[in-house]
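File shown here: protein_18.tsv, holding TSV, C-alpha atoms and all ligand atoms.
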chain	number	residue	atom	x	y	z
A	1	MET	CA	-32.43	-5.51	3.63
A	2	LYS	CA	-33.63	-6.14	0.10
A	3	LYS	CA	-30.71	-6.62	-2.24
A	4	ASP	CA	-32.22	-5.66	-5.60
A	5	TYR	CA	-31.40	-2.00	-5.15
A	6	LEU	CA	-27.68	-2.88	-5.28
A	7	LYS	CA	-27.99	-3.52	-9.02
A	8	THR	CA	-28.55	0.17	-9.68
A	9	ALA	CA	-26.93	1.70	-6.60
A	10	GLN	CA	-24.07	4.22	-6.73
A	11	LYS	CA	-20.58	3.02	-5.86
A	12	GLU	CA	-20.61	4.93	-2.55
A	13	THR	CA	-23.66	2.88	-1.57
A	14	ILE	CA	-22.14	-0.41	-2.75
A	15	ALA	CA	-19.07	0.30	-0.61
A	16	ILE	CA	-21.36	0.39	2.42
A	17	ARG	CA	-24.12	-2.06	1.59
A	18	LYS	CA	-22.51	-4.93	-0.36
A	19	HIS	CA	-22.61	-7.73	2.21
A	20	ILE	CA	-22.56	-11.46	2.40
A	21	ASP	CA	-25.96	-12.82	3.40
A	22	ARG	CA	-27.08	-12.36	6.98
A	23	THR	CA	-27.09	-15.45	9.15
A	24	TYR	CA	-30.07	-16.55	11.25
A	25	GLN	CA	-28.83	-14.14	13.95
A	26	LYS	CA	-29.81	-11.23	11.65
A	27	GLU	CA	-26.70	-9.31	12.61
A	28	HIS	CA	-26.28	-5.78	11.23
A	29	SER	CA	-22.47	-5.77	11.20
A	30	ASN	CA	-21.13	-8.71	9.26
A	31	PRO	CA	-20.12	-11.86	11.12
A	32	LEU	CA	-16.49	-12.94	11.03
A	33	TYR	CA	-15.91	-16.42	9.59
A	34	LEU	CA	-12.66	-17.11	11.40
A	35	THR	CA	-12.39	-20.70	10.33
A	36	SER	CA	-9.73	-22.59	8.43
A	37	SER	CA	-12.15	-25.13	6.92
A	38	PHE	CA	-15.86	-25.69	6.27
A	39	THR	CA	-18.04	-28.74	6.96
A	40	PHE	CA	-20.38	-30.81	4.79
A	41	ASP	CA	-23.61	-32.60	5.67
A	42	SER	CA	-22.77	-35.69	3.67
A	43	ALA	CA	-20.04	-37.41	1.70
A	44	GLU	CA	-22.08	-36.67	-1.45
A	45	GLU	CA	-22.23	-32.95	-0.74
A	46	MET	CA	-18.51	-32.88	-0.01
A	47	ALA	CA	-17.77	-34.67	-3.25
A	48	ALA	CA	-20.01	-32.30	-5.23
A	49	VAL	CA	-18.34	-29.17	-3.82
A	50	PHE	CA	-14.87	-30.62	-4.43
A	51	ALA	CA	-15.91	-31.43	-8.02
A	52	ASP	CA	-17.16	-27.83	-8.57
A	53	GLU	CA	-20.66	-29.21	-9.21
A	54	GLN	CA	-22.04	-27.36	-6.23
A	55	GLU	CA	-21.08	-23.99	-4.76
A	56	GLY	CA	-19.54	-23.97	-1.31
A	57	ASN	CA	-16.49	-23.17	0.74
A	58	ILE	CA	-13.97	-25.90	1.41
A	59	TYR	CA	-10.91	-24.37	2.99
A	60	SER	CA	-9.92	-20.75	3.68
A	61	ARG	CA	-6.80	-20.98	1.51
A	62	TYR	CA	-9.28	-21.38	-1.40
A	63	SER	CA	-12.18	-19.20	-0.35
A	64	ASN	CA	-13.83	-17.66	2.68
A	65	PRO	CA	-17.04	-15.61	2.97
A	66	ASN	CA	-15.32	-12.54	4.46
A	67	VAL	CA	-12.62	-12.61	1.79
A	68	GLN	CA	-15.24	-13.06	-0.93
A	69	GLU	CA	-17.27	-10.13	0.35
A	70	LEU	CA	-14.20	-7.87	0.08
A	71	ILE	CA	-13.40	-9.10	-3.44
A	72	ASP	CA	-16.99	-8.73	-4.69
A	73	LYS	CA	-17.29	-5.26	-3.25
A	74	VAL	CA	-14.08	-3.82	-4.70
A	75	ALA	CA	-14.67	-5.57	-8.05
A	76	ILE	CA	-17.92	-3.58	-8.37
A	77	LEU	CA	-16.17	-0.35	-7.32
A	78	GLU	CA	-13.63	-0.78	-10.15
A	79	ASN	CA	-15.99	-2.28	-12.74
A	80	ALA	CA	-13.99	-5.52	-12.77
A	81	GLU	CA	-15.57	-8.87	-13.61
A	82	SER	CA	-13.77	-10.74	-10.89
A	83	GLY	CA	-10.99	-10.61	-8.31
A	84	TRP	CA	-8.69	-12.39	-5.91
A	85	ALA	CA	-7.46	-11.31	-2.46
A	86	THR	CA	-3.98	-11.83	-1.03
A	87	SER	CA	-2.19	-11.49	2.29
A	88	SER	CA	-0.40	-8.27	1.25
A	89	GLY	CA	-0.02	-5.92	-1.67
A	90	MET	CA	3.28	-7.56	-2.57
A	91	ALA	CA	1.61	-10.98	-2.56
A	92	ALA	CA	-0.85	-9.54	-5.09
A	93	VAL	CA	1.95	-8.22	-7.32
A	94	PHE	CA	3.95	-11.47	-7.05
A	95	THR	CA	0.92	-13.71	-7.58
A	96	THR	CA	-0.13	-11.79	-10.70
A	97	PHE	CA	3.20	-12.29	-12.46
A	98	ALA	CA	3.88	-15.78	-11.13
A	99	ALA	CA	0.44	-16.99	-12.22
A	100	LEU	CA	0.46	-15.43	-15.69
A	101	LEU	CA	4.09	-15.74	-16.81
A	102	GLN	CA	6.43	-18.54	-17.71
A	103	SER	CA	10.16	-18.87	-17.94
A	104	GLY	CA	11.35	-16.91	-20.99
A	105	ASP	CA	8.61	-14.29	-20.74
A	106	HIS	CA	9.32	-10.59	-20.56
A	107	ILE	CA	7.82	-7.66	-18.65
A	108	VAL	CA	7.86	-4.00	-19.66
A	109	SER	CA	7.57	-1.80	-16.60
A	110	SER	CA	7.60	1.84	-15.69
A	111	ARG	CA	10.85	2.62	-13.88
A	112	SER	CA	8.90	4.27	-11.04
A	113	VAL	CA	7.66	1.23	-9.14
A	114	PHE	CA	7.33	0.39	-5.47
A	115	GLY	CA	10.65	-0.71	-3.90
A	116	SER	CA	9.73	-4.36	-3.34
A	117	THR	CA	8.27	-4.61	-6.85
A	118	HIS	CA	11.64	-3.38	-8.13
A	119	ARG	CA	13.30	-6.20	-6.15
A	120	LEU	CA	10.93	-8.75	-7.71
A	121	PHE	CA	11.84	-7.56	-11.21
A	122	THR	CA	15.58	-7.30	-10.66
A	123	GLU	CA	16.40	-10.06	-8.12
A	124	ILE	CA	13.61	-12.66	-7.92
A	125	PHE	CA	12.08	-13.13	-11.40
A	126	PRO	CA	15.44	-13.39	-13.21
A	127	LYS	CA	16.04	-16.60	-11.19
A	128	TRP	CA	13.19	-18.12	-13.20
A	129	GLY	CA	14.15	-16.64	-16.53
A	130	ILE	CA	11.58	-13.81	-16.44
A	131	THR	CA	13.16	-10.51	-17.43
A	132	THR	CA	12.05	-6.89	-17.18
A	133	THR	CA	12.83	-3.79	-19.22
A	134	TYR	CA	12.33	-0.46	-17.46
A	135	VAL	CA	11.05	2.60	-19.26
A	136	ASP	CA	10.92	6.13	-17.81
A	137	ALA	CA	7.40	6.63	-16.49
A	138	LEU	CA	6.31	9.19	-19.09
A	139	ASP	CA	8.22	7.87	-22.12
A	140	TYR	CA	5.35	6.55	-24.26
A	141	GLU	CA	7.57	5.87	-27.29
A	142	GLY	CA	9.85	4.02	-24.89
A	143	TYR	CA	7.04	1.67	-23.85
A	144	LYS	CA	6.31	0.88	-27.49
A	145	ASN	CA	9.96	0.28	-28.29
A	146	ALA	CA	10.56	-1.91	-25.25
A	147	ILE	CA	7.89	-4.45	-26.21
A	148	GLN	CA	9.51	-7.62	-27.57
A	149	GLU	CA	8.13	-10.80	-29.07
A	150	ASN	CA	8.15	-12.48	-25.64
A	151	THR	CA	6.63	-9.51	-23.74
A	152	LYS	CA	3.48	-10.62	-21.94
A	153	ILE	CA	2.68	-7.79	-19.53
A	154	LEU	CA	3.16	-4.05	-19.32
A	155	TYR	CA	3.12	-2.84	-15.72
A	156	LEU	CA	2.95	0.59	-14.12
A	157	GLU	CA	1.92	2.62	-11.10
A	158	THR	CA	0.11	5.93	-11.42
A	159	PRO	CA	0.34	8.19	-9.48
A	160	SER	CA	3.88	6.94	-9.00
A	161	ASN	CA	5.58	6.79	-5.64
A	162	PRO	CA	6.89	9.18	-4.42
A	163	ALA	CA	7.34	11.47	-7.45
A	164	LEU	CA	3.60	11.47	-8.31
A	165	GLU	CA	4.10	11.17	-12.05
A	166	ILE	CA	0.76	10.65	-13.79
A	167	ILE	CA	0.91	8.17	-16.65
A	168	ASP	CA	-1.83	8.36	-19.29
A	169	LEU	CA	-3.66	5.05	-18.88
A	170	GLU	CA	-5.68	5.29	-22.11
A	171	LEU	CA	-2.52	5.94	-24.11
A	172	VAL	CA	-0.65	2.98	-22.60
A	173	GLY	CA	-3.81	0.87	-22.86
A	174	ASP	CA	-3.82	1.46	-26.63
A	175	ILE	CA	-0.13	0.53	-26.88
A	176	CYS	CA	-0.87	-2.76	-25.09
A	177	LYS	CA	-3.93	-3.45	-27.22
A	178	ASN	CA	-1.97	-2.94	-30.44
A	179	ALA	CA	0.82	-5.21	-29.18
A	180	ASN	CA	-1.67	-7.77	-27.86
A	181	ILE	CA	-0.16	-7.87	-24.38
A	182	LEU	CA	-1.69	-7.58	-20.92
A	183	PHE	CA	-1.77	-4.22	-19.17
A	184	ALA	CA	-1.53	-4.26	-15.36
A	185	VAL	CA	-1.78	-1.19	-13.12
A	186	ASP	CA	-0.94	-0.82	-9.43
A	187	ASN	CA	-3.86	1.40	-8.37
A	188	CYS	CA	-2.90	1.61	-4.70
A	189	PHE	CA	-2.27	5.37	-4.61
A	190	ALA	CA	-5.54	6.31	-6.28
A	191	THR	CA	-7.98	3.68	-4.94
A	192	PRO	CA	-11.23	3.00	-6.84
A	193	VAL	CA	-12.50	6.32	-5.48
A	194	LEU	CA	-10.13	8.37	-7.62
A	195	GLN	CA	-9.25	6.15	-10.58
A	196	ARG	CA	-10.64	3.05	-12.31
A	197	PRO	CA	-7.88	1.60	-14.51
A	198	ILE	CA	-10.06	-1.12	-16.05
A	199	ASP	CA	-12.40	1.54	-17.44
A	200	LEU	CA	-9.36	3.14	-19.08
A	201	GLY	CA	-7.97	0.06	-20.82
A	202	ALA	CA	-6.13	-1.95	-18.15
A	203	HIS	CA	-6.74	-5.71	-17.94
A	204	ILE	CA	-5.59	-6.00	-14.34
A	205	SER	CA	-5.75	-3.62	-11.39
A	206	ILE	CA	-3.69	-4.39	-8.29
A	207	HIS	CA	-4.05	-2.98	-4.78
A	208	SER	CA	-2.25	-2.94	-1.51
A	209	THR	CA	-5.31	-2.71	0.77
A	210	THR	CA	-2.80	-1.96	3.53
A	211	LYS	CA	-2.89	1.72	2.58
A	212	PHE	CA	-6.09	3.70	1.93
A	213	MET	CA	-8.47	0.74	2.00
A	214	ASP	CA	-7.67	-0.24	5.58
A	215	GLY	CA	-6.99	3.43	6.20
A	216	GLN	CA	-6.25	2.97	9.87
A	217	GLY	CA	-2.93	1.17	9.67
A	218	ARG	CA	-4.01	-2.17	11.13
A	219	THR	CA	-3.79	-4.87	8.49
A	220	LEU	CA	-1.84	-5.98	5.45
A	221	GLY	CA	-3.75	-7.13	2.40
A	222	GLY	CA	-3.82	-7.13	-1.39
A	223	LEU	CA	-6.28	-7.42	-4.26
A	224	ILE	CA	-6.04	-8.41	-7.91
A	225	LEU	CA	-8.95	-7.36	-10.13
A	226	GLY	CA	-9.54	-8.41	-13.73
A	227	THR	CA	-11.56	-10.47	-16.17
A	228	LYS	CA	-12.96	-13.87	-15.17
A	229	GLU	CA	-10.42	-15.50	-17.48
A	230	ILE	CA	-7.44	-13.79	-15.87
A	231	ILE	CA	-8.67	-14.35	-12.33
A	232	ALA	CA	-9.23	-18.07	-13.07
A	233	LYS	CA	-5.49	-18.30	-13.82
A	234	ILE	CA	-4.66	-16.36	-10.65
A	235	GLU	CA	-6.90	-18.67	-8.64
A	236	ALA	CA	-5.37	-21.83	-10.12
A	237	PHE	CA	-1.98	-20.60	-8.94
A	238	ALA	CA	-2.96	-19.05	-5.60
A	239	ARG	CA	-5.07	-21.93	-4.25
A	240	HIS	CA	-1.98	-24.12	-4.17
A	241	THR	CA	0.74	-21.62	-3.33
A	242	GLY	CA	-1.05	-20.05	-0.36
A	243	PRO	CA	-0.94	-16.24	-0.47
A	244	ALA	CA	-4.46	-16.21	1.03
A	245	LEU	CA	-5.82	-13.19	2.89
A	246	SER	CA	-6.82	-13.88	6.49
A	247	PRO	CA	-10.61	-13.69	7.01
A	248	PHE	CA	-9.98	-11.45	10.02
A	249	ASN	CA	-8.07	-8.95	7.89
A	250	ALA	CA	-10.69	-9.22	5.13
A	251	TRP	CA	-13.41	-8.41	7.69
A	252	ILE	CA	-11.51	-5.32	8.88
A	253	ILE	CA	-10.74	-4.10	5.36
A	254	SER	CA	-14.29	-4.63	4.13
A	255	LYS	CA	-15.62	-2.72	7.14
A	256	SER	CA	-13.12	0.07	6.42
A	257	ILE	CA	-14.32	0.34	2.84
A	258	GLU	CA	-17.71	1.47	4.16
A	259	THR	CA	-15.97	4.83	4.75
A	260	LEU	CA	-13.52	4.70	1.81
A	261	TYR	CA	-15.28	7.34	-0.30
A	262	LEU	CA	-15.66	9.73	2.63
A	263	ARG	CA	-12.07	9.28	3.74
A	264	VAL	CA	-10.32	9.39	0.38
A	265	ASN	CA	-12.31	12.38	-0.86
A	266	HIS	CA	-11.68	14.26	2.38
A	267	MET	CA	-7.95	13.46	2.39
A	268	SER	CA	-7.75	14.41	-1.26
A	269	ASN	CA	-9.42	17.78	-0.65
A	270	THR	CA	-7.20	18.54	2.33
A	271	ALA	CA	-4.07	17.45	0.43
A	272	HIS	CA	-5.01	19.77	-2.43
A	273	GLU	CA	-5.35	22.72	-0.02
A	274	ILE	CA	-2.03	21.87	1.66
A	275	ALA	CA	-0.34	21.62	-1.75
A	276	LYS	CA	-1.61	25.11	-2.66
A	277	LYS	CA	-0.30	26.54	0.61
A	278	LEU	CA	3.09	24.85	0.13
A	279	GLU	CA	3.39	26.29	-3.37
A	280	ASN	CA	3.57	29.78	-1.83
A	281	HIS	CA	6.09	28.91	0.88
A	282	THR	CA	9.62	30.32	0.54
A	283	ALA	CA	11.39	27.27	2.04
A	284	ILE	CA	10.13	25.10	-0.82
A	285	SER	CA	11.63	24.83	-4.29
A	286	PHE	CA	8.72	22.87	-5.80
A	287	VAL	CA	5.52	21.07	-4.83
A	288	LYS	CA	4.09	18.15	-6.72
A	289	TYR	CA	0.40	17.41	-6.53
A	290	PRO	CA	-1.56	15.98	-9.48
A	291	PHE	CA	-4.38	18.55	-9.30
A	292	LEU	CA	-2.11	21.62	-9.12
A	293	GLU	CA	-1.97	23.37	-12.48
A	294	SER	CA	1.81	23.53	-12.08
A	295	HIS	CA	2.04	19.71	-12.15
A	296	PRO	CA	3.64	18.66	-15.47
A	297	ASN	CA	0.92	15.99	-15.98
A	298	TYR	CA	-2.01	18.11	-14.75
A	299	VAL	CA	-4.04	17.58	-17.94
A	300	THR	CA	-3.67	13.80	-17.76
A	301	ALA	CA	-4.50	13.80	-14.06
A	302	LYS	CA	-7.70	15.80	-14.65
A	303	LYS	CA	-8.66	13.47	-17.49
A	304	GLN	CA	-8.31	10.17	-15.66
A	305	MET	CA	-8.62	10.91	-11.93
A	306	PHE	CA	-11.61	12.07	-9.89
A	307	GLY	CA	-9.35	13.83	-7.37
A	308	GLY	CA	-5.67	14.52	-6.80
A	309	GLY	CA	-5.25	12.00	-3.96
A	310	GLY	CA	-3.96	12.15	-0.40
A	311	ILE	CA	-0.23	12.31	-1.16
A	312	VAL	CA	1.73	15.54	-1.59
A	313	THR	CA	5.45	15.68	-2.31
A	314	PHE	CA	7.68	18.71	-2.17
A	315	GLU	CA	11.32	19.63	-2.41
A	316	ILE	CA	12.68	21.47	0.55
A	317	LYS	CA	15.57	23.84	-0.10
A	318	GLY	CA	18.81	22.60	1.46
A	319	GLY	CA	18.85	18.95	0.32
A	320	LEU	CA	19.30	15.85	2.46
A	321	GLU	CA	20.07	17.73	5.66
A	322	ALA	CA	17.03	20.04	5.33
A	323	GLY	CA	14.78	17.05	4.58
A	324	ARG	CA	15.91	15.24	7.73
A	325	ASN	CA	15.58	18.41	9.83
A	326	PHE	CA	12.03	18.91	8.61
A	327	LEU	CA	11.06	15.40	9.69
A	328	ASN	CA	12.71	15.86	13.08
A	329	LYS	CA	10.77	19.04	13.76
A	330	LEU	CA	7.34	17.60	12.97
A	331	GLN	CA	5.11	17.04	15.98
A	332	LEU	CA	1.71	15.94	14.68
A	333	PHE	CA	2.90	13.95	11.65
A	334	SER	CA	4.00	10.36	12.23
A	335	LEU	CA	7.33	9.19	10.86
A	336	THR	CA	6.46	5.80	9.43
A	337	PRO	CA	6.60	4.22	5.97
A	338	ASN	CA	2.83	3.61	5.70
A	339	LEU	CA	0.46	5.92	3.82
A	340	GLY	CA	-3.25	6.45	3.30
A	341	ASP	CA	-3.85	6.45	7.04
A	342	ALA	CA	-6.25	8.59	9.11
A	343	LYS	CA	-3.09	9.92	10.74
A	344	SER	CA	-0.88	12.22	8.66
A	345	ILE	CA	2.50	10.72	7.83
A	346	ALA	CA	5.79	12.17	6.56
A	347	THR	CA	8.70	10.35	4.96
A	348	HIS	CA	12.02	11.37	3.45
A	349	PRO	CA	12.61	8.86	0.63
A	350	ALA	CA	16.29	9.72	-0.05
A	351	SER	CA	17.37	8.74	3.47
A	352	THR	CA	14.87	5.86	4.01
A	353	THR	CA	12.86	3.89	1.41
A	354	HIS	CA	15.20	4.76	-1.47
A	355	SER	CA	18.49	5.14	0.44
A	356	LYS	CA	19.94	1.98	-1.14
A	357	LEU	CA	19.68	3.45	-4.62
A	358	LYS	CA	22.57	5.47	-6.04
A	359	PRO	CA	21.82	9.24	-6.27
A	360	GLU	CA	21.55	8.99	-10.09
A	361	GLU	CA	19.13	6.05	-9.78
A	362	ARG	CA	17.04	8.11	-7.38
A	363	LEU	CA	17.01	11.03	-9.78
A	364	ALA	CA	15.83	8.75	-12.60
A	365	VAL	CA	12.63	8.12	-10.61
A	366	GLY	CA	12.27	11.76	-9.56
A	367	ILE	CA	13.65	11.53	-6.02
A	368	THR	CA	15.81	14.50	-5.18
A	369	ASP	CA	17.70	14.73	-1.86
A	370	GLY	CA	15.29	17.24	-0.34
A	371	LEU	CA	12.11	15.45	-1.43
A	372	VAL	CA	9.55	14.96	1.34
A	373	ARG	CA	6.42	12.82	0.93
A	374	LEU	CA	3.36	13.68	2.96
A	375	SER	CA	0.37	11.40	3.33
A	376	ILE	CA	-2.35	13.75	4.45
A	377	GLY	CA	-4.66	12.26	7.07
A	378	LEU	CA	-8.04	13.15	8.48
A	379	GLU	CA	-6.94	15.59	11.19
A	380	HIS	CA	-8.20	19.19	11.00
A	381	ILE	CA	-6.47	21.02	8.16
A	382	ASP	CA	-5.44	23.89	10.47
A	383	ASP	CA	-3.51	21.48	12.71
A	384	ILE	CA	-1.90	19.77	9.71
A	385	TRP	CA	-0.78	23.08	8.20
A	386	GLU	CA	0.40	24.49	11.53
A	387	ASP	CA	2.68	21.47	11.98
A	388	ILE	CA	4.11	21.76	8.47
A	389	GLU	CA	4.65	25.50	8.85
A	390	GLN	CA	6.47	25.28	12.17
A	391	ALA	CA	8.67	22.45	10.85
A	392	LEU	CA	9.61	24.53	7.79
A	393	SER	CA	10.52	27.60	9.85
B	401	LIG	C1	2.58	-0.52	-0.15
B	401	LIG	C2	2.58	-0.71	-1.60
B	401	LIG	C3	2.71	-1.98	-2.17
B	401	LIG	C4	2.94	-3.21	-1.33
B	401	LIG	O1	1.88	-3.47	-0.47
B	401	LIG	P1	2.05	-4.27	0.92
B	401	LIG	O2	0.65	-4.40	1.39
B	401	LIG	O3	2.92	-3.43	1.80
B	401	LIG	O4	2.70	-5.57	0.61
B	401	LIG	C5	2.68	-2.09	-3.54
B	401	LIG	N1	2.52	-0.99	-4.32
B	401	LIG	C6	2.40	0.25	-3.81
B	401	LIG	C7	2.22	1.41	-4.74
B	401	LIG	C8	2.41	0.44	-2.44
B	401	LIG	O5	2.30	1.67	-1.94
Taking this structure as input, can you express it in the form of structure tokens?
Amino acid sequence: MKKDYLKTAQKETIAIRKHIDRTYQKEHSNPLYLTSSFTFDSAEEMAAVFADEQEGNIYSRYSNPNVQELIDKVAILENAESGWATSSGMAAVFTTFAALLQSGDHIVSSRSVFGSTHRLFTEIFPKWGITTTYVDALDYEGYKNAIQENTKILYLETPSNPALEIIDLELVGDICKNANILFAVDNCFATPVLQRPIDLGAHISIHSTTKFMDGQGRTLGGLILGTKEIIAKIEAFARHTGPALSPFNAWIISKSIETLYLRVNHMSNTAHEIAKKLENHTAISFVKYPFLESHPNYVTAKKQMFGGGGIVTFEIKGGLEAGRNFLNKLQLFSLTPNLGDAKSIATHPASTTHSKLKPEERLAVGITDGLVRLSIGLEHIDDIWEDIEQALS
């Protein structure tokens, strides 16, 4: 396969065709480099690679061909200069802050962040003198006002989990530019298929590949994308602290990305249809889906996203009890905390992922007692809807 066409190819093609070089076996599917270290033909060659005078792999905590293939591929999909891969999405979030911040530094973050990220900000980073100020997801004046002299990074997730708030990336990007601070976005819910934060002003885009990128619920993984300068700092930290992604997982995730565009676009279209049907159902008090005109941030969603995504949330009438009943009645949907899977998944945040928060804390991030989160999979839409309908009845 000639590689020149990749320079001008569409992203859908890159997702499929961006490979490490074939070996002498001329395999079509990429080989798996399941090796902890790499060998050298001479002491001189080894010395040159160690001294960065010659390219080459040394040890899979530093680099590995399967891991590099995944990084290179997703970096192109998000128009990032460079990237780094980690063993999980949380390792990517942790590594980003730990590599770029020092004791005394400050983070401004949207209040609506993933549960473990919230723990990092409130329980782990304070141990090292790194503090965080939360701002309500859509409070743009609040972001401006929260930036202090020692603020180094502004962090957010959009669409947020599970309330699906859509934060205007260009607007926050400008705030960060004016304040001369870094802007990092967790792009896990959108994937490069639906949103490219770096194009919209972010310096760093973070992924849990565990979700849509694997898409079949097999592996954990994470990615950090950014400029060469930022990734050099990430690398300097990660090489010696060891959050490396396993080559086996990288091989699976890279293979999965061959179908990322097909899967995410299909899930997104089905989710949109399901959201429209839910909007007309009498057992529901509201539905939230970024591409429904009734969504409070519809205009922002249309401006910065290529599709509404695979997640739909809705409020079932009857609160906590009704939410639990709905989950118990489902037959096709899986009850599991993952998302972005080929299999449709339902969760009830108030009694599971966010049960440790006080009711008022839940409300501050948009989680009401009857809120149900659906991750729409790849099953036939008629089967998905039939299951939802019978569980609502
Ligand atoms: C799942 C998730 C993470 C953490 O990823 P893991 O791979 O589970 O460590 C971070 N952010 C968001 C938005 C997620 O959904």
Contacts of chain A with ligand LIG 401 (chain B) up to 8 Å, shortest pair per row, all atoms listed in the file, as a tab-separated table:
residue	atom	partner	partner_atom	distance
A:Ser87	CA	B:LIG401	O2	7.7
A:Ser88	CA	B:LIG401	O2	4.0
A:Gly89	CA	B:LIG401	O1	3.3
A:Met90	CA	B:LIG401	O4	3.8
A:Ala91	CA	B:LIG401	O4	6.4
A:Ala92	CA	B:LIG401	O4	7.8
A:Val93	CA	B:LIG401	C5	7.2
A:Val113	CA	B:LIG401	C7	7.0
A:Phe114	CA	B:LIG401	N1	5.1
A:Ser116	CA	B:LIG401	C4	7.2
A:Thr117	CA	B:LIG401	C5	7.0
A:Glu157	CA	B:LIG401	C7	6.5
A:Ser160	CA	B:LIG401	C7	7.2
A:Asn161	CA	B:LIG401	C7	6.4
A:Asp186	CA	B:LIG401	C7	6.1
A:Asn187	CA	B:LIG401	C7	7.1
A:Cys188	CA	B:LIG401	C7	5.1
A:Phe189	CA	B:LIG401	C7	6.0
A:His207	CA	B:LIG401	N1	6.9
A:Ser208	CA	B:LIG401	O1	4.3
A:Thr209	CA	B:LIG401	O2	6.2
A:Thr210	CA	B:LIG401	O2	4.7
A:Lys211	CA	B:LIG401	C1	6.5
A:Leu220	CA	B:LIG401	O2	5.0
A:Gly221	CA	B:LIG401	O2	5.3
A:Gly222	CA	B:LIG401	O2	5.9
A:Asn338	CA	B:LIG401	C1	7.2
A:Leu339	CA	B:LIG401	O5	7.4
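Taking all atoms listed in the file into account, Ala85 in chain A lies nearest to A:Ser246 out of the set A:Asn150, A:Thr13, A:Ser246, A:Gln304.
Among A:Ile76, A:Leu392, A:Ala342, A:Ala163, the residue with the shortest atom-to-atom distance to Leu371 in chain A, counting all atoms listed in the file, is A:Ala163.
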Need the shell around Ile230 in chain A: protein/DNA/RNA residues with any atom at most 9 Å away, counting all atoms listed in the file. Skip same-chain ones fewer than 4 positions apart. Format as a ChimeraX atom specification? /A:82-83,100,203-204,225-226,234-235
Suppose we keep C-alpha atoms; can you now write the selection as a compact mmCIF listing (two decimals), in the frame of the given file?
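Just written: result.txt:
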# COMPACT_ATOMS: atom_id res chain seq x y z
CA SER A 82 -13.77 -10.74 -10.89
CA GLY A 83 -10.99 -10.61 -8.31
CA LEU A 100 0.46 -15.43 -15.69
CA HIS A 203 -6.74 -5.71 -17.94
CA ILE A 204 -5.59 -6.00 -14.34
CA LEU A 225 -8.95 -7.36 -10.13
CA GLY A 226 -9.54 -8.41 -13.73
CA ILE A 234 -4.66 -16.36 -10.65
CA GLU A 235 -6.90 -18.67 -8.64
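Ranking A:Ala364, A:Phe306, A:Asp387, A:Asp105 by their shortest atom-to-atom distance to Ser334 in chain A, with only C-alpha atoms included, puts A:Asp387 first.
Considering the residues A:Glu45, A:Glu78, A:Asp52, A:Glu258 and counting only C-alpha atoms, Glu12 in chain A has its shortest atom-to-atom contact with A:Glu258.
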Which residue of A:Ala250, A:Ala391, A:Leu194, A:Ala202 approaches Asp72 in chain A most closely, using all atoms listed in the file: A:Ala250
Taking only C-alpha atoms into account, produce a table as a Markdown table in which each residue of range 66-104 of chain A with an atom at most 12 Å from an atom of range 170-182 of chain A appears once, together with its shortest atom pair and the distance in Å to one decimal, ordered by chain and rising number.
| residue | atom | partner | partner_atom | distance |
| --- | --- | --- | --- | --- |
| A:Thr96 | CA | A:Leu182 | CA | 11.2 |
| A:Phe97 | CA | A:Leu182 | CA | 10.8 |
| A:Leu100 | CA | A:Leu182 | CA | 9.7 |
| A:Leu101 | CA | A:Leu182 | CA | 10.8 |
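Taking CA of Ala271 in chain A and CA of Ser254 in chain A as the two end points, the separation is 24.6 Å.
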Between A:Leu6, A:Leu320, A:Leu363, A:Ile376, which one has atoms that come closest to Ala346 in chain A, using all atoms listed in the file? A:Ile376
Write out as a list in words which residues come within 6 Å of Arg373 in chain A when counting all atoms listed in the file, dropping same-chain ones fewer than 4 positions away. Val312, Thr313, Ala346 and Thr347 of chain A
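Here CA of Thr352 in chain A and CA of Ser110 in chain A stand 21.4 Å from one another.
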Please return as an mmCIF file with C-alpha atoms, in the frame of the given file every residue within 12 Å of (-29.0, -9.5, -6.0), taking into account all atoms listed in the file and the file's own coordinates.
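Final output, saved to out.cif:
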data_model
loop_
_atom_site.group_PDB
_atom_site.id
_atom_site.type_symbol
_atom_site.label_atom_id
_atom_site.label_comp_id
_atom_site.auth_asym_id
_atom_site.auth_seq_id
_atom_site.Cartn_x
_atom_site.Cartn_y
_atom_site.Cartn_z
ATOM 1 C CA MET A 1 -32.430 -5.510 3.630
ATOM 2 C CA LYS A 2 -33.630 -6.140 0.100
ATOM 3 C CA LYS A 3 -30.710 -6.620 -2.240
ATOM 4 C CA ASP A 4 -32.220 -5.660 -5.600
ATOM 5 C CA TYR A 5 -31.400 -2.000 -5.150
ATOM 6 C CA LEU A 6 -27.680 -2.880 -5.280
ATOM 7 C CA LYS A 7 -27.990 -3.520 -9.020
ATOM 8 C CA THR A 8 -28.550 0.170 -9.680
ATOM 9 C CA ALA A 9 -26.930 1.700 -6.600
ATOM 10 C CA ILE A 14 -22.140 -0.410 -2.750
ATOM 11 C CA ARG A 17 -24.120 -2.060 1.590
ATOM 12 C CA LYS A 18 -22.510 -4.930 -0.360
ATOM 13 C CA HIS A 19 -22.610 -7.730 2.210
ATOM 14 C CA ILE A 20 -22.560 -11.460 2.400
ATOM 15 C CA ASP A 21 -25.960 -12.820 3.400
#
May I ask for the distance between CA of Asp136 in chain A and CA of Ser112 in chain A, given in Å to one decimal place? 7.3 Å
Around the point (12.2, 19.0, 4.2) (coordinates from the file), which residues reach within 10 Å if we count all atoms listed in the file? Answer as a PyMOL selection string. chain A and resi 283-284+313-329+346-348+369-373+388+391-392
Any idea what's packed within 12 Å of range 54-60 of chain A, counting all atoms listed in the file, ignoring anything in its chain fewer than 4 positions away? Could you give it as a PyMOL selection string? chain A and resi 33-41+44-50+64-68+85-86+238-240+242-248+250
